[in-house]
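model-v1.cif (mmCIF, C-alpha atoms and all ligand atoms) appears below.
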```
data_work
#
loop_
_atom_site.label_atom_id
_atom_site.label_comp_id
_atom_site.auth_asym_id
_atom_site.auth_seq_id
_atom_site.Cartn_x
_atom_site.Cartn_y
_atom_site.Cartn_z
CA MET A 11 42.76 -101.51 136.61
CA LEU A 12 42.97 -100.43 133.01
CA GLY A 13 40.42 -97.83 132.12
CA ASN A 14 38.58 -97.92 128.80
CA PHE A 15 40.37 -96.48 125.80
CA THR A 16 40.70 -96.36 122.06
CA TYR A 17 44.15 -96.50 120.53
CA CYS A 18 45.23 -95.54 117.06
CA ASN A 19 48.56 -94.13 115.99
CA PRO A 20 48.48 -93.30 112.30
CA THR A 21 52.10 -92.09 111.89
CA LYS A 22 54.17 -94.27 109.58
CA LEU A 23 57.79 -94.50 110.69
CA TYR A 24 60.93 -95.07 108.66
CA PHE A 25 63.72 -95.93 111.08
CA GLY A 26 67.45 -96.48 110.56
CA LYS A 27 70.43 -95.42 108.50
CA ASP A 28 68.48 -95.51 105.21
CA ALA A 29 65.32 -93.99 106.62
CA LEU A 30 65.48 -90.90 104.40
CA ASP A 31 64.78 -93.15 101.38
CA GLY A 32 61.28 -93.35 102.82
CA LEU A 33 60.69 -89.84 101.47
CA ASN A 34 60.67 -91.32 97.96
CA GLU A 35 57.80 -93.56 98.99
CA GLU A 36 55.85 -90.83 100.74
CA LEU A 37 56.21 -87.78 98.49
CA PRO A 38 54.25 -89.18 95.51
CA LYS A 39 51.18 -89.40 97.80
CA TYR A 40 50.90 -85.60 98.03
CA GLY A 41 50.45 -82.67 95.64
CA LYS A 42 53.25 -80.69 94.07
CA ASN A 43 53.67 -77.84 96.55
CA VAL A 44 55.86 -78.66 99.52
CA LEU A 45 56.56 -76.18 102.30
CA LEU A 46 59.94 -77.13 103.75
CA VAL A 47 60.08 -75.97 107.38
CA TYR A 48 63.31 -75.86 109.35
CA GLY A 49 65.14 -74.11 112.16
CA GLY A 50 68.17 -71.88 112.51
CA GLY A 51 70.44 -73.62 110.05
CA SER A 52 71.87 -76.80 111.64
CA ILE A 53 70.48 -78.82 108.71
CA LYS A 54 72.51 -76.73 106.27
CA LYS A 55 75.72 -77.32 108.24
CA ASN A 56 75.30 -81.08 108.60
CA GLY A 57 74.15 -81.73 105.02
CA ILE A 58 70.61 -82.93 105.76
CA TYR A 59 69.15 -79.93 103.91
CA ASP A 60 70.97 -80.82 100.66
CA LYS A 61 69.84 -84.44 100.89
CA VAL A 62 66.21 -83.46 101.42
CA ILE A 63 66.23 -80.87 98.64
CA LYS A 64 67.62 -83.43 96.20
CA ILE A 65 64.87 -85.91 97.00
CA LEU A 66 62.20 -83.20 96.71
CA LYS A 67 63.56 -82.17 93.30
CA ASP A 68 63.85 -85.79 92.13
CA ASN A 69 60.17 -86.13 92.95
CA GLY A 70 59.27 -83.06 90.91
CA LYS A 71 58.08 -80.94 93.83
CA ASN A 72 57.76 -77.15 93.94
CA ILE A 73 59.78 -76.25 97.02
CA TYR A 74 58.81 -73.33 99.27
CA GLU A 75 60.84 -72.64 102.37
CA ASP A 76 59.99 -71.45 105.86
CA ALA A 77 63.26 -71.19 107.78
CA GLY A 78 64.20 -69.79 111.17
CA VAL A 79 61.82 -71.72 113.39
CA MET A 80 63.33 -71.01 116.80
CA PRO A 81 63.57 -73.40 119.75
CA ASN A 82 60.29 -72.85 121.64
CA PRO A 83 58.49 -71.50 118.54
CA THR A 84 56.51 -68.33 119.07
CA SER A 85 52.98 -67.28 118.19
CA ASP A 86 54.43 -64.49 116.01
CA LYS A 87 56.46 -67.00 114.01
CA LEU A 88 53.37 -69.19 113.76
CA ASN A 89 51.45 -66.35 112.11
CA GLU A 90 54.32 -65.89 109.66
CA GLY A 91 54.28 -69.62 108.84
CA ILE A 92 50.53 -69.59 108.25
CA ALA A 93 50.97 -66.77 105.72
CA ARG A 94 53.82 -68.62 103.98
CA ALA A 95 51.89 -71.88 103.76
CA LYS A 96 48.88 -69.99 102.38
CA ALA A 97 50.98 -68.20 99.76
CA ALA A 98 52.62 -71.50 98.74
CA LYS A 99 49.24 -73.29 98.52
CA ALA A 100 51.09 -76.03 100.39
CA ASP A 101 49.96 -79.61 99.78
CA LEU A 102 52.44 -80.98 102.31
CA ILE A 103 54.42 -79.39 105.15
CA LEU A 104 57.76 -81.13 105.56
CA ALA A 105 59.32 -80.40 108.94
CA VAL A 106 63.07 -81.05 109.08
CA GLY A 107 64.41 -80.53 112.58
CA GLY A 108 63.58 -81.16 116.21
CA GLY A 109 60.43 -80.95 118.26
CA SER A 110 60.18 -77.19 117.76
CA VAL A 111 60.08 -77.49 113.99
CA CYS A 112 57.71 -80.44 114.08
CA ASP A 113 55.37 -78.80 116.63
CA TYR A 114 55.34 -75.61 114.60
CA ALA A 115 54.54 -77.48 111.39
CA LYS A 116 51.52 -79.05 113.08
CA ALA A 117 50.32 -75.68 114.38
CA VAL A 118 50.62 -74.19 110.88
CA SER A 119 48.87 -77.21 109.38
CA VAL A 120 45.69 -76.70 111.43
CA SER A 121 45.61 -72.92 111.03
CA VAL A 122 46.06 -72.18 107.33
CA HIS A 123 42.43 -72.91 106.43
CA CYS A 124 41.00 -71.41 109.59
CA ASN A 125 40.01 -67.77 109.99
CA ASP A 126 40.43 -67.47 113.76
CA ASP A 127 43.59 -66.30 115.46
CA ALA A 128 45.57 -69.54 115.83
CA TRP A 129 47.02 -68.75 119.27
CA ASP A 130 43.64 -67.85 120.76
CA LYS A 131 41.80 -70.76 119.16
CA TYR A 132 44.18 -73.59 119.97
CA PHE A 133 46.39 -72.44 122.83
CA ILE A 134 44.00 -70.32 124.90
CA ARG A 135 40.57 -71.77 124.10
CA PHE A 136 41.89 -75.31 123.33
CA GLU A 137 39.35 -75.73 120.54
CA ASP A 138 39.27 -78.70 118.22
CA VAL A 139 40.28 -78.33 114.61
CA SER A 140 37.30 -77.33 112.50
CA CYS A 141 38.94 -76.75 109.13
CA ASP A 142 40.98 -78.63 106.52
CA ILE A 143 44.37 -79.77 107.76
CA ILE A 144 47.48 -79.74 105.59
CA PRO A 145 49.35 -83.05 105.97
CA VAL A 146 52.66 -82.90 107.84
CA GLY A 147 55.72 -85.12 107.41
CA CYS A 148 58.76 -85.01 109.65
CA VAL A 149 62.48 -85.65 109.24
CA LEU A 150 63.71 -85.73 112.84
CA THR A 151 67.13 -84.33 113.74
CA MET A 152 66.82 -83.85 117.52
CA VAL A 153 65.51 -86.53 119.84
CA GLY A 154 63.35 -85.99 122.90
CA THR A 155 59.90 -84.59 122.41
CA GLY A 156 58.11 -87.48 120.70
CA SER A 157 56.54 -84.89 118.40
CA GLU A 158 57.40 -87.17 115.48
CA MET A 159 54.60 -89.58 116.45
CA ASN A 160 52.06 -87.55 118.40
CA GLY A 161 49.64 -84.66 118.07
CA GLY A 162 51.41 -82.35 120.50
CA SER A 163 52.28 -78.79 119.56
CA VAL A 164 53.77 -76.33 122.03
CA ILE A 165 53.80 -72.61 121.23
CA THR A 166 55.20 -69.71 123.26
CA ASN A 167 53.62 -66.29 123.50
CA HIS A 168 56.24 -63.95 124.95
CA ALA A 169 53.89 -60.98 125.30
CA GLN A 170 51.50 -63.06 127.42
CA LYS A 171 54.35 -64.94 129.16
CA LEU A 172 52.71 -68.26 128.32
CA LYS A 173 54.09 -71.45 126.83
CA ILE A 174 51.17 -73.76 126.10
CA GLY A 175 50.79 -77.17 124.50
CA HIS A 176 47.75 -78.33 122.57
CA VAL A 177 47.41 -82.07 122.15
CA PHE A 178 45.70 -82.48 118.79
CA GLY A 179 43.96 -85.64 117.63
CA GLU A 180 45.15 -88.35 115.29
CA ASN A 181 44.28 -86.29 112.21
CA VAL A 182 47.12 -83.91 113.13
CA PHE A 183 49.81 -86.54 113.86
CA PRO A 184 52.57 -86.49 111.23
CA LYS A 185 51.56 -88.73 108.34
CA PHE A 186 55.09 -90.09 108.32
CA SER A 187 58.34 -89.54 110.21
CA ILE A 188 61.88 -90.29 109.13
CA LEU A 189 64.08 -91.38 112.06
CA ASN A 190 67.77 -91.77 111.25
CA PRO A 191 69.80 -91.89 114.48
CA GLU A 192 72.88 -90.69 112.60
CA PHE A 193 71.12 -87.37 111.92
CA THR A 194 71.41 -86.68 115.66
CA TYR A 195 75.20 -87.09 115.86
CA THR A 196 75.83 -83.38 115.27
CA LEU A 197 73.71 -82.27 118.24
CA PRO A 198 75.75 -80.38 120.82
CA LYS A 199 76.05 -82.36 124.07
CA TYR A 200 73.83 -79.83 125.86
CA GLN A 201 70.99 -80.55 123.42
CA MET A 202 71.57 -84.28 123.49
CA VAL A 203 71.31 -84.57 127.26
CA SER A 204 68.43 -82.12 127.38
CA GLY A 205 66.59 -84.42 124.99
CA ILE A 206 67.49 -87.44 127.09
CA TYR A 207 65.99 -85.81 130.16
CA ASP A 208 62.89 -84.75 128.21
CA ILE A 209 62.36 -88.44 127.40
CA MET A 210 62.85 -89.42 131.04
CA SER A 211 60.43 -86.75 132.15
CA HIS A 212 57.76 -87.85 129.66
CA ILE A 213 57.96 -91.34 131.10
CA LEU A 214 57.93 -90.18 134.72
CA GLU A 215 54.97 -87.87 134.11
CA GLN A 216 52.97 -90.92 133.08
CA TYR A 217 54.49 -93.29 135.67
CA PHE A 218 53.99 -91.20 138.81
CA SER A 219 50.21 -91.33 138.77
CA GLY A 220 47.72 -93.88 139.96
CA THR A 221 48.07 -96.76 142.38
CA ASP A 222 46.68 -99.60 140.25
CA ASP A 223 48.52 -102.54 138.74
CA ASN A 224 48.98 -101.32 135.20
CA THR A 225 50.94 -102.86 132.31
CA SER A 226 52.09 -99.43 131.22
CA ASP A 227 54.12 -99.03 134.41
CA TYR A 228 56.10 -102.19 133.64
CA ILE A 229 56.70 -100.99 130.07
CA MET A 230 57.87 -97.64 131.40
CA GLU A 231 60.29 -99.21 133.87
CA GLY A 232 61.85 -101.07 130.94
CA LEU A 233 62.03 -97.91 128.84
CA LEU A 234 63.66 -96.04 131.73
CA ARG A 235 66.30 -98.71 132.29
CA SER A 236 67.16 -98.78 128.60
CA LEU A 237 67.28 -94.97 128.54
CA ILE A 238 69.61 -94.71 131.54
CA HIS A 239 71.96 -97.31 130.10
CA SER A 240 71.96 -95.84 126.57
CA ALA A 241 72.44 -92.31 127.93
CA ASN A 242 75.52 -93.40 129.86
CA VAL A 243 76.98 -94.88 126.67
CA ALA A 244 76.04 -91.91 124.46
CA VAL A 245 77.53 -89.36 126.84
CA GLU A 246 80.86 -91.25 126.67
CA ASN A 247 80.63 -91.82 122.94
CA PRO A 248 78.08 -89.67 121.09
CA THR A 249 78.50 -91.62 117.83
CA ASP A 250 77.67 -95.00 119.36
CA TYR A 251 74.93 -96.04 116.94
CA GLU A 252 73.45 -98.63 119.25
CA ALA A 253 72.98 -96.11 122.06
CA ARG A 254 71.76 -93.27 119.83
CA SER A 255 69.29 -95.51 118.03
CA ASN A 256 67.91 -96.84 121.30
CA ILE A 257 67.52 -93.30 122.65
CA MET A 258 65.69 -92.25 119.49
CA TRP A 259 63.29 -95.19 119.72
CA ILE A 260 62.65 -94.74 123.45
CA ALA A 261 61.81 -91.07 122.83
CA THR A 262 59.18 -92.06 120.32
CA TRP A 263 57.66 -94.69 122.60
CA ALA A 264 57.74 -92.40 125.61
CA LEU A 265 55.24 -90.03 124.04
CA ASN A 266 53.43 -91.70 121.17
CA THR A 267 50.36 -92.04 123.44
CA LEU A 268 50.67 -95.80 124.01
CA VAL A 269 51.87 -95.88 127.62
CA ALA A 270 49.23 -93.37 128.71
CA LYS A 271 46.39 -95.60 127.57
CA GLY A 272 44.14 -96.87 130.34
CA LYS A 273 45.94 -95.00 133.11
CA THR A 274 46.02 -91.60 134.74
CA THR A 275 48.97 -89.25 134.19
CA ASP A 276 50.49 -86.24 135.92
CA TRP A 277 52.36 -83.69 133.68
CA GLU A 278 52.96 -81.14 136.48
CA VAL A 279 56.72 -81.09 135.86
CA HIS A 280 55.98 -80.03 132.29
CA MET A 281 53.61 -77.32 133.49
CA LEU A 282 56.36 -75.97 135.75
CA GLY A 283 58.97 -76.34 132.98
CA GLN A 284 56.80 -74.60 130.41
CA ALA A 285 56.13 -71.71 132.79
CA ILE A 286 59.87 -71.34 133.36
CA GLY A 287 60.35 -71.50 129.59
CA ALA A 288 57.75 -68.77 129.05
CA HIS A 289 59.80 -66.44 131.28
CA THR A 290 63.33 -67.46 130.26
CA ASP A 291 63.11 -69.13 126.82
CA ALA A 292 65.40 -71.82 128.26
CA THR A 293 65.94 -75.21 126.61
CA HIS A 294 62.90 -77.39 127.26
CA GLY A 295 64.56 -80.50 128.73
CA MET A 296 66.69 -78.38 131.06
CA THR A 297 63.67 -76.58 132.49
CA LEU A 298 62.35 -80.02 133.42
CA SER A 299 65.58 -81.32 134.94
CA ALA A 300 65.86 -78.10 136.99
CA VAL A 301 62.52 -78.54 138.78
CA SER A 302 62.10 -82.31 138.82
CA LEU A 303 63.81 -83.23 142.07
CA PRO A 304 62.30 -80.46 144.21
CA TYR A 305 58.90 -81.46 142.79
CA TYR A 306 59.35 -85.20 143.27
CA ARG A 307 60.76 -84.78 146.77
CA PHE A 308 57.69 -82.69 147.61
CA ILE A 309 55.10 -85.15 146.27
CA MET A 310 56.93 -88.33 147.34
CA PRO A 311 55.02 -88.76 150.64
CA TYR A 312 51.73 -88.70 148.72
CA GLY A 313 52.82 -91.49 146.35
CA LEU A 314 55.27 -93.34 148.53
CA ASP A 315 54.55 -96.86 147.23
CA LYS A 316 55.23 -95.83 143.64
CA PHE A 317 58.41 -93.95 144.54
CA ALA A 318 59.69 -97.01 146.41
CA ARG A 319 58.82 -99.24 143.43
CA TYR A 320 60.64 -96.79 141.13
CA ALA A 321 63.74 -96.93 143.34
CA VAL A 322 63.85 -100.73 143.29
CA ASN A 323 62.79 -101.45 139.70
CA VAL A 324 64.56 -98.62 137.93
CA TRP A 325 67.53 -97.68 140.14
CA GLN A 326 68.14 -101.15 141.63
CA VAL A 327 67.97 -99.90 145.20
CA ALA A 328 68.25 -102.92 147.57
CA PRO A 329 65.14 -102.77 149.76
CA ALA A 330 66.15 -105.17 152.57
CA GLY A 331 66.04 -103.64 156.04
CA LYS A 332 64.89 -100.21 154.86
CA THR A 333 61.61 -98.35 155.30
CA LYS A 334 59.62 -97.41 152.21
CA LYS A 335 60.60 -93.80 152.75
CA GLU A 336 64.30 -94.69 152.89
CA ILE A 337 64.01 -96.77 149.73
CA ALA A 338 62.16 -94.01 147.90
CA GLU A 339 64.67 -91.37 148.99
CA GLU A 340 67.57 -93.55 147.89
CA GLY A 341 65.94 -93.88 144.47
CA LEU A 342 65.70 -90.12 144.05
CA SER A 343 69.30 -89.73 145.23
CA ALA A 344 70.43 -92.26 142.61
CA MET A 345 68.47 -90.32 140.01
CA GLU A 346 70.10 -87.07 141.15
CA SER A 347 73.62 -88.51 140.89
CA TRP A 348 72.90 -89.79 137.38
CA MET A 349 71.45 -86.45 136.30
CA LYS A 350 74.55 -84.64 137.50
CA LYS A 351 76.82 -87.21 135.88
CA ILE A 352 75.34 -86.80 132.41
CA GLY A 353 75.48 -83.00 132.68
CA LEU A 354 71.92 -81.82 133.23
CA VAL A 355 70.99 -78.39 134.55
CA MET A 356 70.00 -78.89 138.19
CA ASN A 357 68.49 -75.51 139.09
CA ILE A 358 66.34 -72.88 137.45
CA THR A 359 68.95 -70.18 138.03
CA ASP A 360 71.03 -71.90 135.35
CA CYS A 361 67.95 -71.71 133.09
CA GLY A 362 68.01 -67.92 133.48
CA ALA A 363 65.36 -67.64 136.19
CA THR A 364 65.82 -65.17 139.04
CA ALA A 365 64.08 -64.82 142.39
CA ASP A 366 62.08 -61.82 141.17
CA MET A 367 60.57 -63.95 138.39
CA ILE A 368 59.07 -66.49 140.78
CA ASP A 369 55.69 -64.75 141.20
CA GLY A 370 55.28 -64.51 137.45
CA ILE A 371 56.27 -68.15 136.92
CA VAL A 372 53.75 -69.22 139.56
CA GLU A 373 51.03 -67.33 137.63
CA SER A 374 52.09 -69.00 134.35
CA THR A 375 52.01 -72.55 135.81
CA LEU A 376 48.94 -74.62 134.95
CA VAL A 377 47.82 -76.99 137.71
CA MET A 378 47.13 -80.61 136.78
CA ASP A 379 45.04 -83.01 138.81
CA GLY A 380 46.38 -86.46 137.82
CA GLY A 381 49.45 -86.59 140.05
CA TYR A 382 49.83 -87.62 143.68
CA LYS A 383 49.19 -84.10 144.95
CA VAL A 384 47.25 -81.25 143.35
CA LEU A 385 49.47 -78.24 143.98
CA ASN A 386 48.26 -74.89 145.25
CA LYS A 387 50.02 -71.65 144.44
CA GLU A 388 52.01 -71.58 147.67
CA GLU A 389 53.29 -75.10 147.02
CA ILE A 390 54.27 -74.16 143.46
CA ARG A 391 56.10 -71.12 144.84
CA ALA A 392 57.92 -73.27 147.40
CA ILE A 393 58.98 -75.82 144.77
CA LEU A 394 60.26 -73.06 142.49
CA LYS A 395 62.18 -71.44 145.35
CA ASN A 396 63.76 -74.80 146.14
CA SER A 397 64.76 -75.04 142.48
CA LEU A 398 66.66 -71.71 142.37
O1 LIG B 1 67.36 -74.53 114.81
P1 LIG B 1 68.52 -75.38 114.44
O2 LIG B 1 69.63 -74.66 113.83
O3 LIG B 1 68.10 -76.59 113.62
O4 LIG B 1 69.13 -75.94 115.83
C1 LIG B 1 68.42 -76.75 116.73
C2 LIG B 1 68.00 -76.00 117.99
O5 LIG B 1 68.86 -74.93 118.26
C3 LIG B 1 69.36 -77.80 117.27
N1 LIG B 1 69.43 -79.00 116.46
C4 LIG B 1 68.40 -79.81 116.10
N2 LIG B 1 68.87 -80.86 115.43
C5 LIG B 1 70.22 -80.72 115.34
C6 LIG B 1 70.57 -79.52 116.00
N3 LIG B 1 71.85 -79.10 116.09
C7 LIG B 1 72.78 -79.86 115.51
N4 LIG B 1 72.51 -81.04 114.91
C8 LIG B 1 71.26 -81.49 114.80
N5 LIG B 1 71.01 -82.68 114.21
O6 LIG B 1 68.84 -78.14 118.53
C9 LIG B 1 68.20 -77.01 119.11
C10 LIG B 1 66.94 -77.44 119.79
O7 LIG B 1 65.99 -77.89 118.85
P2 LIG B 1 64.46 -78.00 119.28
O8 LIG B 1 63.68 -78.49 118.11
O9 LIG B 1 64.03 -76.74 119.92
O10 LIG B 1 64.52 -79.12 120.43
P3 LIG B 1 63.45 -80.13 120.92
O11 LIG B 1 63.35 -81.29 119.99
O12 LIG B 1 63.78 -80.42 122.33
O13 LIG B 1 62.05 -79.35 120.87
C11 LIG B 1 61.67 -78.51 121.91
C12 LIG B 1 60.24 -78.01 121.71
O14 LIG B 1 59.31 -79.11 121.72
C13 LIG B 1 58.30 -78.88 122.72
C14 LIG B 1 59.06 -78.06 123.76
O15 LIG B 1 58.22 -77.40 124.66
C15 LIG B 1 59.84 -77.11 122.89
O16 LIG B 1 59.03 -76.02 122.46
N6 LIG B 1 57.73 -80.14 123.17
C16 LIG B 1 56.90 -80.81 122.34
C17 LIG B 1 56.21 -81.94 122.73
C18 LIG B 1 55.28 -82.67 121.85
N7 LIG B 1 55.12 -82.30 120.61
O17 LIG B 1 54.64 -83.63 122.27
C19 LIG B 1 56.31 -82.47 124.10
C20 LIG B 1 57.51 -81.98 124.82
O18 LIG B 1 57.28 -82.15 126.21
C21 LIG B 1 57.86 -80.56 124.55
O19 LIG B 1 57.07 -79.71 125.35
ZN ZN B 2 58.85 -82.63 127.26
#
```

The structure in this file should be written as structure tokens.
Amino acid sequence: MLGNFTYCNPTKLYFGKDALDGLNEELPKYGKNVLLVYGGGSIKKNGIYDKVIKILKDNGKNIYEDAGVMPNPTSDKLNEGIARAKAAKADLILAVGGGSVCDYAKAVSVSVHCNDDAWDKYFIRFEDVSCDIIPVGCVLTMVGTGSEMNGGSVITNHAQKLKIGHVFGENVFPKFSILNPEFTYTLPKYQMVSGIYDIMSHILEQYFSGTDDNTSDYIMEGLLRSLIHSANVAVENPTDYEARSNIMWIATWALNTLVAKGKTTDWEVHMLGQAIGAHTDATHGMTLSAVSLPYYRFIMPYGLDKFARYAVNVWQVAPAGKTKKEIAEEGLSAMESWMKKIGLVMNITDCGATADMIDGIVESTLVMDGGYKVLNKEEIRAILKNSL
């Protein structure tokens, strides 16, 4: 049964080959000072930087830059960004990059006019925003996180060995996001497939929870089937526009809050992945692919009906003459073969984790209660050991 909910997604999207023109519509809505936030330089190599700068200049903006946002942005970098945005008196933060850049822009946006330490306030104490928020816009260049249309922001604190996400409210969602699938063509294959698995994981985190008949589960099965098909095409031919545009759109739908409405969700794979990330700084999607199967095989008996449904509806496992357990196991085997085929990392050793890190990763793993089994520390340890 659908639970009660409110739904509002205020992010305006511009999608397609001409999407960047949308900046000309959006920029006049904001003041003159724009803080342009980007990562380690991919946008300079592929020409997106020059295109954005030209549009900013054409619109008469004062451009301030905050470069070098790293994958898995850190609390130290966040403090630097807050100081830059303050100095620039930014009226708009324009994030040009992937989820890291977009997440970081949101974290800066809620911290500039707030006197508390941003890490402690939002990522330890999970407080609401109680100060003015600088609007954020996003030009997306890496597909996976859904950050372009949600309030999520994930920050890593290396000293504390924590990687924590804060899900902010609608007032922190990007005001607009520019989604041009062609901007993702220059992604290395490793990043592309990592993003593809991040999308799959977002869907599965919301799918493997609850036993009710829920419209969201049907939507998610459709999204998964489209994702698997488009991923197969994109891995063969990375510049297949149809496949890349579908992947970009599925990523947005997977985590723009819609499919979670009225249902329970899990998110334990992300808690495990983020803990691994806190200790290794590994690529987000790969931390998820590395732990997913040991986790799902462990919880499968507790959610057997859903795992059997997943096998049949997503992986086309023929159910005739098989027990539910056999069907469910066949589904996870089909998933495993596909993951290997597209080139995902299948163990945490390849993410940089070692056996002596396990205790620390267990301590860094937050435990969620929406999945089919609430894990205890020993179970987390066992899953991580199985993932080595
Ligand atoms: O820094 P540059 O030089 O731009 O290179 C980036 C980076 O090295 C590169 N890249 C991006 N676009 C490119 C490109 N290279 C060539 N061509 C392009 N067009 O890709 C690398 C990875 O970028 P990053 O932004 O780190 O990837 P992603 O989008 O996967 O973001 C990961 C971060 O998002 C968080 C993760 O935890 C991680 O910190 N997440 C955010 C979520 C949210 N907001 O809701 C949810 C997710 O579950 C996730 O946790
Ligand atoms: Zn994710």

Give me the residues near Ala261 in chain A as a PyMOL selection string, where near means some atom within 12 Å (using all atoms listed in the file) and where sequence neighbours in that chain fewer than 6 positions away do not count. chain A and resi 109+150+152-160+189+191+202+205-213+230+233-234+236-237+240-241+254-255+267

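The coordinates place CA of Ile143 in chain A at 16.2 Å from CA of Val47 in chain A.
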
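Comparing the minimum interatomic distances between Pro311 in chain A and each of A:Phe186, A:Phe193, A:Trp325, A:Tyr382, counting all atoms listed in the file, we find that A:Tyr382 sits nearest.
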
All file atoms of ligand LIG 1 (chain B) boxed axis-aligned, 6 Å per side, centre plus edges, as AutoDock Vina command-line options:
```
--center_x 63.7 --center_y -79.1 --center_z 119.9 --size_x 30.1 --size_y 21.1 --size_z 24.6
```

Hey, could you make a per-residue contact list for chain A against ligand LIG 1 (chain B) with 7 Å as the cut-off, showing the nearest pair of atoms and its distance in Å to one decimal, counting only C-alpha atoms and all ligand atoms, sorted by chain and number, as JSON lines?
```
{"residue": "A:Tyr48", "atom": "CA", "partner": "B:LIG1", "partner_atom": "O3", "distance": 6.5}
{"residue": "A:Gly49", "atom": "CA", "partner": "B:LIG1", "partner_atom": "O1", "distance": 3.5}
{"residue": "A:Gly50", "atom": "CA", "partner": "B:LIG1", "partner_atom": "O2", "distance": 3.4}
{"residue": "A:Gly51", "atom": "CA", "partner": "B:LIG1", "partner_atom": "O2", "distance": 4.0}
{"residue": "A:Ser52", "atom": "CA", "partner": "B:LIG1", "partner_atom": "O2", "distance": 3.8}
{"residue": "A:Ile53", "atom": "CA", "partner": "B:LIG1", "partner_atom": "O3", "distance": 5.9}
{"residue": "A:Asn56", "atom": "CA", "partner": "B:LIG1", "partner_atom": "N4", "distance": 6.9}
{"residue": "A:Gly78", "atom": "CA", "partner": "B:LIG1", "partner_atom": "O1", "distance": 6.8}
{"residue": "A:Val79", "atom": "CA", "partner": "B:LIG1", "partner_atom": "O1", "distance": 6.4}
{"residue": "A:Met80", "atom": "CA", "partner": "B:LIG1", "partner_atom": "O1", "distance": 5.7}
{"residue": "A:Pro81", "atom": "CA", "partner": "B:LIG1", "partner_atom": "O9", "distance": 3.4}
{"residue": "A:Asn82", "atom": "CA", "partner": "B:LIG1", "partner_atom": "O16", "distance": 3.5}
{"residue": "A:Pro83", "atom": "CA", "partner": "B:LIG1", "partner_atom": "O16", "distance": 6.0}
{"residue": "A:Gly107", "atom": "CA", "partner": "B:LIG1", "partner_atom": "N2", "distance": 5.3}
{"residue": "A:Gly108", "atom": "CA", "partner": "B:LIG1", "partner_atom": "O8", "distance": 3.3}
{"residue": "A:Gly109", "atom": "CA", "partner": "B:LIG1", "partner_atom": "O11", "distance": 3.4}
{"residue": "A:Ser110", "atom": "CA", "partner": "B:LIG1", "partner_atom": "O8", "distance": 3.7}
{"residue": "A:Val111", "atom": "CA", "partner": "B:LIG1", "partner_atom": "O8", "distance": 5.6}
{"residue": "A:Asp113", "atom": "CA", "partner": "B:LIG1", "partner_atom": "N7", "distance": 5.3}
{"residue": "A:Thr151", "atom": "CA", "partner": "B:LIG1", "partner_atom": "N2", "distance": 4.2}
{"residue": "A:Met152", "atom": "CA", "partner": "B:LIG1", "partner_atom": "N2", "distance": 4.2}
{"residue": "A:Val153", "atom": "CA", "partner": "B:LIG1", "partner_atom": "O11", "distance": 5.7}
{"residue": "A:Gly154", "atom": "CA", "partner": "B:LIG1", "partner_atom": "O11", "distance": 5.5}
{"residue": "A:Thr155", "atom": "CA", "partner": "B:LIG1", "partner_atom": "C20", "distance": 4.3}
{"residue": "A:Gly156", "atom": "CA", "partner": "B:LIG1", "partner_atom": "O17", "distance": 5.4}
{"residue": "A:Ser157", "atom": "CA", "partner": "B:LIG1", "partner_atom": "N7", "distance": 3.7}
{"residue": "A:Asn160", "atom": "CA", "partner": "B:LIG1", "partner_atom": "O17", "distance": 6.1}
{"residue": "A:Gly161", "atom": "CA", "partner": "B:LIG1", "partner_atom": "N7", "distance": 6.5}
{"residue": "A:Gly162", "atom": "CA", "partner": "B:LIG1", "partner_atom": "N7", "distance": 3.7}
{"residue": "A:Ser163", "atom": "CA", "partner": "B:LIG1", "partner_atom": "N7", "distance": 4.6}
{"residue": "A:Val164", "atom": "CA", "partner": "B:LIG1", "partner_atom": "C13", "distance": 5.2}
{"residue": "A:Ile165", "atom": "CA", "partner": "B:LIG1", "partner_atom": "O16", "distance": 6.4}
{"residue": "A:Gly175", "atom": "CA", "partner": "B:LIG1", "partner_atom": "O19", "distance": 6.8}
{"residue": "A:Phe193", "atom": "CA", "partner": "B:LIG1", "partner_atom": "N5", "distance": 5.2}
{"residue": "A:Thr194", "atom": "CA", "partner": "B:LIG1", "partner_atom": "N5", "distance": 4.3}
{"residue": "A:Tyr195", "atom": "CA", "partner": "B:LIG1", "partner_atom": "N5", "distance": 6.3}
{"residue": "A:Thr196", "atom": "CA", "partner": "B:LIG1", "partner_atom": "N4", "distance": 4.1}
{"residue": "A:Leu197", "atom": "CA", "partner": "B:LIG1", "partner_atom": "N4", "distance": 3.7}
{"residue": "A:Pro198", "atom": "CA", "partner": "B:LIG1", "partner_atom": "C7", "distance": 6.1}
{"residue": "A:Gln201", "atom": "CA", "partner": "B:LIG1", "partner_atom": "O6", "distance": 5.9}
{"residue": "A:Gly205", "atom": "CA", "partner": "B:LIG1", "partner_atom": "O12", "distance": 5.6}
{"residue": "A:Asp208", "atom": "CA", "partner": "B:LIG1", "partner_atom": "O18", "distance": 6.5}
{"residue": "A:His212", "atom": "CA", "partner": "B:LIG1", "partner_atom": "O18", "distance": 6.7}
{"residue": "A:Leu265", "atom": "CA", "partner": "B:LIG1", "partner_atom": "O17", "distance": 6.7}
{"residue": "A:His280", "atom": "CA", "partner": "B:LIG1", "partner_atom": "O18", "distance": 6.6}
{"residue": "A:Gln284", "atom": "CA", "partner": "B:LIG1", "partner_atom": "O15", "distance": 6.6}
{"residue": "A:His294", "atom": "CA", "partner": "B:LIG1", "partner_atom": "C14", "distance": 5.2}
{"residue": "A:Gly295", "atom": "CA", "partner": "B:LIG1", "partner_atom": "O12", "distance": 6.4}
```
